[in-house]
Structures are given as C-alpha cells and as structure tokens.
Amino acid sequence: MAALDPVLNDIDTDLDNALERLFAFLRIPSISTDPAYAGDCRKAADWLAADLTALGFETSVNETSLHPVVLAHKPKPGAPHVLFYGHYDVQPVDPLNLWETPPFEPRIATDAAGNKKIVARGASDDKGQVMTFVEACRAHLAMNGELPCGVTLLIEGAEENGSQGLPEWVAQNREKLASDIVLVCDTGMWDPATPAITTSLRGLAYFEVKVTCADRDLHSGFFGGAARNPIHVLSRIIADLHDAEGRVTLPGFYDGVHERPPEVVEQWRGLGLTAEKFLGPIGLKEPAGERGRLPIELVQSRPACDVNGIIGGYTGEGTKTVIASTASAKVSFRLVDDQDPKVLAETFEAFVRARVPDDCRVEVITYKGSRAISLPFDMPELEIAKAALAEEWGVPAVTVGAGGSIPIVGDFKRILDRNTLLIGFGLDDDRIHSPNEKYDLRSFHKGTRSWARILAAFGARG
C-alpha cells in the first residue's frame with residue numbers, strides 16, 4: 001500500500017482544483033422532476049461525460065425514457081472490477097425565499113464551530129458524493145497512470161424522479177455493467193467522525209384505502225347515529241393495524257423477518273443511540289414501535305407500518321355538521337429481510353375488507369413496492385472496505401441499516417445478481433431536499449481519500 005501515499009498527497013494538494021470542478025458541476029440546475037429543466041439535465045450529463053473522457057474513460061451518454069445516463073468504462077484485465085452508481089439530478093429548490101444565497105451559485109461557508117461547508121443544491125445529494133469517487137480515480141491516474149482495479153461508472157439523471165427508465169436500461173445493458181461488486185455513494189456517515197457502511201435497506205409497500213358508505217354527504221342531525229360513518233370505519237381499520245405492544249397485527253406479517261446476529265446488536269447498542277438522543281431533537285421521548293427494541297433496530301432492521309395521510313369530511317374553517325360519504329387513508333409499510341410486498345398486498349387487502357360493513361364499499365389501491373436488501377455480514381468486500389475506511393478515519397467503520405429505500409439497489413441484485421456496498425459521507429444535517437443544502441468540506445476531502453484507499457484495497461486483493 002506504499003504506492004497509495006502519492007495518491008493521497010495529490011488529493012490533498014489538488015483540493016482547490018477539485019472544488020472548482022465540483023462547483024462547475026453544481027452550477028448546472030439539473031432538476032429532473034421539472035420538464036423545464038430537461039436541457040439542464042442533459043447538460044449535466046454531457047459535463048460529467050466530458051470530464052470522465054478527459055481522464056481516459058471510454059464514455060457514452062445513453063438515452064432512457066426520461067433523462068440520459070452516463071456510462072464510463074476503464075477496465076483492468078486480471079484485476080477486480082467495480083461498478084459505481086450515483087446520480088447527477090437534483091431536487092427542486094422551493095421554497096426559494098428560504099435560501100440564504102442562490103441555490104445554483106455554490107459557495108464555501110463557515111459555520112459557528114469553524115467548519116467549512118459547500119453550500120448549493122446537489123452539494124450532498126448527490127453531485128458532491130459522485131465527485132468524491134471521480135476525484136479519487138483522477139488522483140490514481142495522475143500518480144500511477146492507471147487505476148488499481150477495473151472501474152465502470154453508471155451515473156443516472158432521474159433518481160429524484162423514481163429512477164424512471166433506469167431499471168429497463170440496466171436490464172437491456174447487463175453485459176456493459178459486469179462487475180464483482182456495486183458501490184453506491186448516496187448515503188451518510190454515522191456521525192462527523194465515524195464512517196459507516198450501509199448493509200441493509202428496508203423495502204416499501206404503499207397503499208391507499210378508500211371507504212364509501214352513503215351515496216352522498218349527510219346532515220348529521222338527520223342521520224347521525226343511524227347512518228354508517230366512513231371515517232369511523234376507516235379509523236377502526238387503522239387502529240387495528242397495531243397491538244398494544246407496537247407490533248403490526250396483519251396475519252403472517254413477521255414471516256421472513258430475521259433477528260440480527262448478537263454481535264451486530266451489541267455494536268449498535270455501543271453506539272449509544274438512546275430514545276432520548278434519537279427522539280429528543282424532534283420533541284418526542286418514547287419509541288412507538290415494538291417494545292423492547294433499540295431505537296436503531298426499529299428504524300433499520302425491523303418492519304414498520306405508518307399512516308401517511310387521512311382525508312375525510314369537512315376540514316375547512318368553522319363548523320359543518322356533515323357525515324362524509326367517503327374517507328381515505330394512505331398507508332405504507334417498511335419491509336425487511338424476506339418480506340414480500342406482493343404477499344403483503346394480498347394480506348393487507350383481506351385485512352381491510354374484513355373490517356368493512358356489508359353495506360359499505362372499499363377500494364384498496366396498491367402502488368409499486370420494493371423488497372428489502374441485506375448484505376451477508378461475512379462478505380469479503382465488506383471487510384476490505386471497512387478496513388480501508390478505518391485507515392482513513394482512525395476509528396472502526398460501523399455497519400448500519402437504512403430505514404429508507406433505494407429501489408435501484410434491488411434492481412442491481414435482481415438484474416445483475418450483484419451485491420451493493422453503500423458507502424457515503426453525507427451528514428444528518430446536510431439539509432438534502434431542503435433550502436441551504438450543504439456538504440461538509442471535510443466530507444468531500446476525506447470522502448475522496450476514502451475512495452482512493454478502497455480502490456487500492458480492492459486492487460491489492462487481486
């Protein structure tokens with residue numbers, strides 16, 4: 001690993017130039033969800049493709065049903081090959097009036113503690129994270145004339161729009177995406193000093209329930225007490241979803257849910273994420289999920305059910321004595337391990353229909369779901385990456401789960417049959433999707449150094 005020292009030194013001395021490149025990327029308003037910015041999404045793809053071509057990658061900009069993907073190859077025969085995934089599109093900037101400076105005019109700011117941060121839309125999600133990997137490749141090529149291992153980059157432009165078109169493109173281009181492991185840099189650190197590798201992602205199942213009773217809204221004076229109220233029916237369904245211990249009551253719901261190894265749970269316990277620390281900042285203090293579980297278990301390795309919205313009856317100013325004709329709720333389930341969203345859809349609909357009176361009607365709408373993703377805890381690539389991160393940050397890297405879903409990771413497993421290491425350097429206070437998004441300068445700098453170490457370690461594996 002002695003040959004790594006010049007690479008790390010180059011990253012340190014070239015930091016100002018790396019920031020100039022990142023700032024050029026951040027100035028492009030590549031908002032994927034607004035058709036008015038379609039040209040800017042293509043401009044961002046072209047900018048990145050040109051930068052990678054200049055580094056010697058065989059690069060192409062490829063069409064999808066929405067925005068193009070950038071594909072770049074630099075093979076190394078006889079060496080391991082990694083596939084790196086990221087996205088160049090960003091979220092809308094609304095509300096614009098809450099930004100301290102224009103969102104697409106990147107700047108370096110200093111917070112009250114003296115920490116420098118990059119402020120711009122996309123700084124953390126995901127342009128800054130993408131460029132940590134690109135800059136690591138740049139340094140290896142500058143110092144050694146080659147990369148330690150083969151590298152393919154797949155950078156899409158519609159992640160913030162549900163990765164529309166990407167799964168189909170991946171399925172049509174499997175041979176171009178051959179690799180030993182997939183790397184994703186769209187996650188975060190455990191805290192500003194502790195690196196993390198995300199080893200699991202919860203899946204998602206999402207439903208809308210619409211209950212209809214009378215054929216029109218009714219006067220509660222004339223019909224109250226005799227006519228069925230759909231809000232009451234819906235409330236009963238929602239209340240029955242959990243028992244007094246916080247467990248979901250759907251039959252067979254916990255089939256396929258596995259306990260984590262004791263050593264993993266003890267590692268999580270040692271992180272000290274108490275209910276007070278986790279819930280206190282949002283004004284709460286008692287966990288609402290399964291009793292007897294650590295807060296980190298509840299949001300990372302256990303399934304959950306939440307009602308995301310309820311609509312029904314009169315909600316305007318003042319009073320209106322009405323019994324609504326219809327009421328609806330949006331319900332989501334976060335899934336883990338081997339839980340199947342298709343099986344859950346059948347179970348949930350049966351659960352709902354069993355609680356609707358015969359003279360009422362119910363419609364259960366099922367939206368697209370995704371399965372959970374879990375990495376084997378003994379996979380060699382995980383240990384290699386953990387060791388490389390520990391070398392850079394001076395503390396052991398923790399393995400954590402993510403409560404949210406990144407559906408494309410499941411597609412990589414399903415279509416390419418490859419596991420994914422999620423290694424990111426974002427922080428909880430990066431304000432992604434919000435005004436004044438930022439990425440700590442330390443995250444950008446040490447993130448680049450971390451990727452340089454990881455690539456070198458994979459290459460040394462042979």
# chains A, B, ... in the order shown; residues from 1 in each chain; ligands from 1
>>> closest_atom_pairs(of="segment 124-158 of chain A", to="segment 21-44 of chain A", cutoff="10 Å", atoms="only C-alpha atoms", output="tab-separated table")
residue	atom	partner	partner_atom	distance
A:Asp126	CA	A:Leu26	CA	9.9
A:Lys127	CA	A:Leu26	CA	7.0
A:Gly128	CA	A:Leu22	CA	6.7
A:Gln129	CA	A:Leu22	CA	9.9
A:Val130	CA	A:Leu22	CA	9.5
A:Met131	CA	A:Leu22	CA	6.8
A:Thr132	CA	A:Leu22	CA	9.3
A:Glu135	CA	A:Arg21	CA	9.5
A:Glu156	CA	A:Cys41	CA	9.8
A:Gly157	CA	A:Cys41	CA	6.6
A:Ala158	CA	A:Ser32	CA	5.6
>>> residues_around(residues="Arg414 of chain A", least_positions_apart="2", cutoff="12 Å", atoms="only C-alpha atoms", output="list in words")
Pro167, Val170, Ala171, Arg174, Ser370, Arg371, Ala372, Ile373, Pro407, Ile408, Val409, Gly410, Asp411, Phe412, Leu416, Asp417, Arg418, Asn419 and Thr420 of chain A
>>> select_by_dssp(residues="segment 282-326 of chain A", states="strand (DSSP E)", output="ChimeraX atom specification")
/A:304-312,322-323,326
>>> closest_residue(among="A:His140, A:Arg121, A:Lys116, A:His445", to="Ala3 of chain A", atoms="only C-alpha atoms")
A:His140
>>> closest_atom_pairs(of="segment 211-246 of chain A", to="segment 284-288 of chain A", cutoff="12 Å", atoms="only C-alpha atoms", output="Markdown table")
| residue | atom | partner | partner_atom | distance |
| --- | --- | --- | --- | --- |
| A:His242 | CA | A:Ala288 | CA | 10.4 |
| A:Asp243 | CA | A:Ala288 | CA | 11.2 |
| A:Ala244 | CA | A:Ala288 | CA | 10.1 |
| A:Glu245 | CA | A:Ala288 | CA | 8.9 |
| A:Gly246 | CA | A:Ala288 | CA | 6.4 |
>>> write_last_selection(atoms="C-alpha atoms", output="tab-separated table (two decimals), in the first residue's frame")
chain	number	residue	atom	x	y	z
A	242	HIS	CA	-51.12	-2.36	15.72
A	243	ASP	CA	-51.49	-4.13	19.04
A	244	ALA	CA	-50.73	-2.72	22.48
A	245	GLU	CA	-47.08	-3.84	22.19
A	246	GLY	CA	-46.49	-1.89	18.99
>>> decode(residues="segment 185-333 of chain A", atoms="C-alpha atoms", output="compact mmCIF listing (two decimals), in the first residue's frame")
# COMPACT_ATOMS: atom_id res chain seq x y z
CA CYS A 185 -22.20 6.83 -2.60
CA ASP A 186 -25.68 8.16 -1.78
CA THR A 187 -25.71 7.52 1.96
CA GLY A 188 -24.06 9.00 5.03
CA MET A 189 -21.67 8.71 7.96
CA TRP A 190 -22.74 7.60 11.41
CA ASP A 191 -21.53 10.95 12.75
CA PRO A 192 -18.98 13.54 11.55
CA ALA A 193 -16.07 11.42 12.80
CA THR A 194 -17.31 7.88 12.22
CA PRO A 195 -17.61 6.31 8.75
CA ALA A 196 -20.43 3.90 8.02
CA ILE A 197 -21.30 1.22 5.51
CA THR A 198 -24.99 0.62 4.94
CA THR A 199 -25.57 -3.12 4.82
CA SER A 200 -29.35 -3.18 4.55
CA LEU A 201 -32.18 -1.13 3.10
CA ARG A 202 -35.78 -1.51 4.11
CA GLY A 203 -38.24 -2.22 1.33
CA LEU A 204 -41.56 -0.48 0.77
CA ALA A 205 -45.20 -1.35 0.21
CA TYR A 206 -47.65 1.54 -0.26
CA PHE A 207 -51.45 1.52 -0.35
CA GLU A 208 -54.43 3.82 -0.47
CA VAL A 209 -57.70 2.77 1.19
CA LYS A 210 -60.96 4.45 0.16
CA VAL A 211 -64.11 3.67 2.17
CA THR A 212 -67.53 4.75 0.85
CA CYS A 213 -70.76 4.43 2.86
CA ALA A 214 -73.73 6.62 1.92
CA ASP A 215 -74.21 7.75 -1.68
CA ARG A 216 -73.77 11.41 -0.65
CA ASP A 217 -72.70 13.56 2.33
CA LEU A 218 -75.39 13.52 5.03
CA HIS A 219 -76.75 16.00 7.59
CA SER A 220 -75.59 14.66 10.95
CA GLY A 221 -78.76 15.92 12.62
CA PHE A 222 -80.97 13.84 10.36
CA PHE A 223 -78.78 10.76 10.04
CA GLY A 224 -76.30 10.84 12.95
CA GLY A 225 -76.42 7.62 14.96
CA ALA A 226 -78.18 5.67 12.22
CA ALA A 227 -76.07 6.11 9.09
CA ARG A 228 -72.65 4.50 8.85
CA ASN A 229 -69.77 6.99 9.02
CA PRO A 230 -66.83 6.04 6.73
CA ILE A 231 -64.40 7.95 8.92
CA HIS A 232 -65.34 5.68 11.83
CA VAL A 233 -64.90 2.60 9.64
CA LEU A 234 -61.51 3.81 8.44
CA SER A 235 -60.44 4.70 11.97
CA ARG A 236 -61.21 1.17 13.12
CA ILE A 237 -59.11 -0.30 10.31
CA ILE A 238 -56.19 1.97 11.21
CA ALA A 239 -56.47 1.28 14.95
CA ASP A 240 -56.45 -2.47 14.34
CA LEU A 241 -53.14 -2.34 12.46
CA HIS A 242 -51.12 -2.36 15.72
CA ASP A 243 -51.49 -4.13 19.04
CA ALA A 244 -50.73 -2.72 22.48
CA GLU A 245 -47.08 -3.84 22.19
CA GLY A 246 -46.49 -1.89 18.99
CA ARG A 247 -46.48 -4.95 16.73
CA VAL A 248 -48.24 -4.99 13.36
CA THR A 249 -51.24 -7.31 13.53
CA LEU A 250 -51.53 -8.46 9.90
CA PRO A 251 -51.54 -12.27 9.80
CA GLY A 252 -48.09 -13.59 8.86
CA PHE A 253 -46.61 -10.08 8.77
CA TYR A 254 -43.40 -11.14 10.55
CA ASP A 255 -42.83 -14.21 8.39
CA GLY A 256 -39.43 -13.73 6.77
CA VAL A 257 -38.20 -11.24 9.40
CA HIS A 258 -34.87 -12.36 10.87
CA GLU A 259 -33.08 -11.40 14.05
CA ARG A 260 -29.70 -9.72 13.62
CA PRO A 261 -26.59 -11.53 14.95
CA PRO A 262 -26.00 -10.76 18.65
CA GLU A 263 -22.62 -9.15 17.89
CA VAL A 264 -24.29 -6.72 15.48
CA VAL A 265 -26.93 -5.76 18.03
CA GLU A 266 -24.20 -5.22 20.62
CA GLN A 267 -22.30 -3.00 18.18
CA TRP A 268 -25.47 -0.95 17.70
CA ARG A 269 -26.00 -0.77 21.45
CA GLY A 270 -22.47 0.56 21.83
CA LEU A 271 -23.27 3.46 19.51
CA GLY A 272 -25.35 4.96 22.31
CA LEU A 273 -28.36 5.96 20.22
CA THR A 274 -30.86 6.17 23.08
CA ALA A 275 -34.50 7.11 22.65
CA GLU A 276 -33.70 10.47 24.23
CA LYS A 277 -30.92 11.20 21.73
CA PHE A 278 -32.88 9.99 18.71
CA LEU A 279 -36.34 11.34 19.51
CA GLY A 280 -35.48 14.30 21.73
CA PRO A 281 -34.48 16.64 18.88
CA ILE A 282 -37.94 16.17 17.29
CA GLY A 283 -39.83 16.77 20.53
CA LEU A 284 -40.54 13.14 21.46
CA LYS A 285 -39.16 10.75 24.05
CA GLU A 286 -40.83 7.32 23.87
CA PRO A 287 -40.40 4.86 20.95
CA ALA A 288 -43.71 3.89 19.39
CA GLY A 289 -42.72 0.60 17.77
CA GLU A 290 -42.17 -2.88 19.12
CA ARG A 291 -41.47 -2.81 22.82
CA GLY A 292 -38.05 -3.98 23.99
CA ARG A 293 -36.23 -2.97 20.80
CA LEU A 294 -33.39 -0.47 20.49
CA PRO A 295 -34.34 2.69 18.56
CA ILE A 296 -31.71 1.82 15.94
CA GLU A 297 -33.35 -1.60 15.47
CA LEU A 298 -36.77 -0.03 14.99
CA VAL A 299 -35.61 2.16 12.09
CA GLN A 300 -33.04 -0.14 10.49
CA SER A 301 -33.77 -3.83 10.92
CA ARG A 302 -37.44 -4.11 11.94
CA PRO A 303 -40.51 -3.64 9.72
CA ALA A 304 -42.94 -0.82 10.34
CA CYS A 305 -46.40 0.39 9.37
CA ASP A 306 -47.39 4.05 9.20
CA VAL A 307 -50.44 6.01 8.11
CA ASN A 308 -49.13 8.80 5.88
CA GLY A 309 -52.35 10.73 5.42
CA ILE A 310 -56.10 10.75 6.18
CA ILE A 311 -58.77 12.54 4.19
CA GLY A 312 -62.45 12.71 5.01
CA GLY A 313 -65.34 15.01 5.85
CA TYR A 314 -65.30 18.76 6.35
CA THR A 315 -61.87 20.27 7.09
CA GLY A 316 -62.47 23.95 6.38
CA GLU A 317 -62.84 26.86 8.79
CA GLY A 318 -65.72 26.82 11.25
CA THR A 319 -68.28 24.03 11.54
CA LYS A 320 -70.29 21.91 9.16
CA THR A 321 -72.46 19.16 10.63
CA VAL A 322 -71.89 16.56 7.96
CA ILE A 323 -71.36 12.81 7.79
CA ALA A 324 -68.98 12.28 4.89
CA SER A 325 -69.80 9.87 2.11
CA THR A 326 -66.17 8.79 1.72
CA ALA A 327 -62.92 8.70 3.67
CA SER A 328 -59.47 7.60 2.60
CA ALA A 329 -56.04 6.93 4.05
CA LYS A 330 -52.58 6.36 2.63
CA VAL A 331 -50.71 3.55 4.39
CA SER A 332 -47.09 2.50 3.97
CA PHE A 333 -45.11 -0.48 5.23
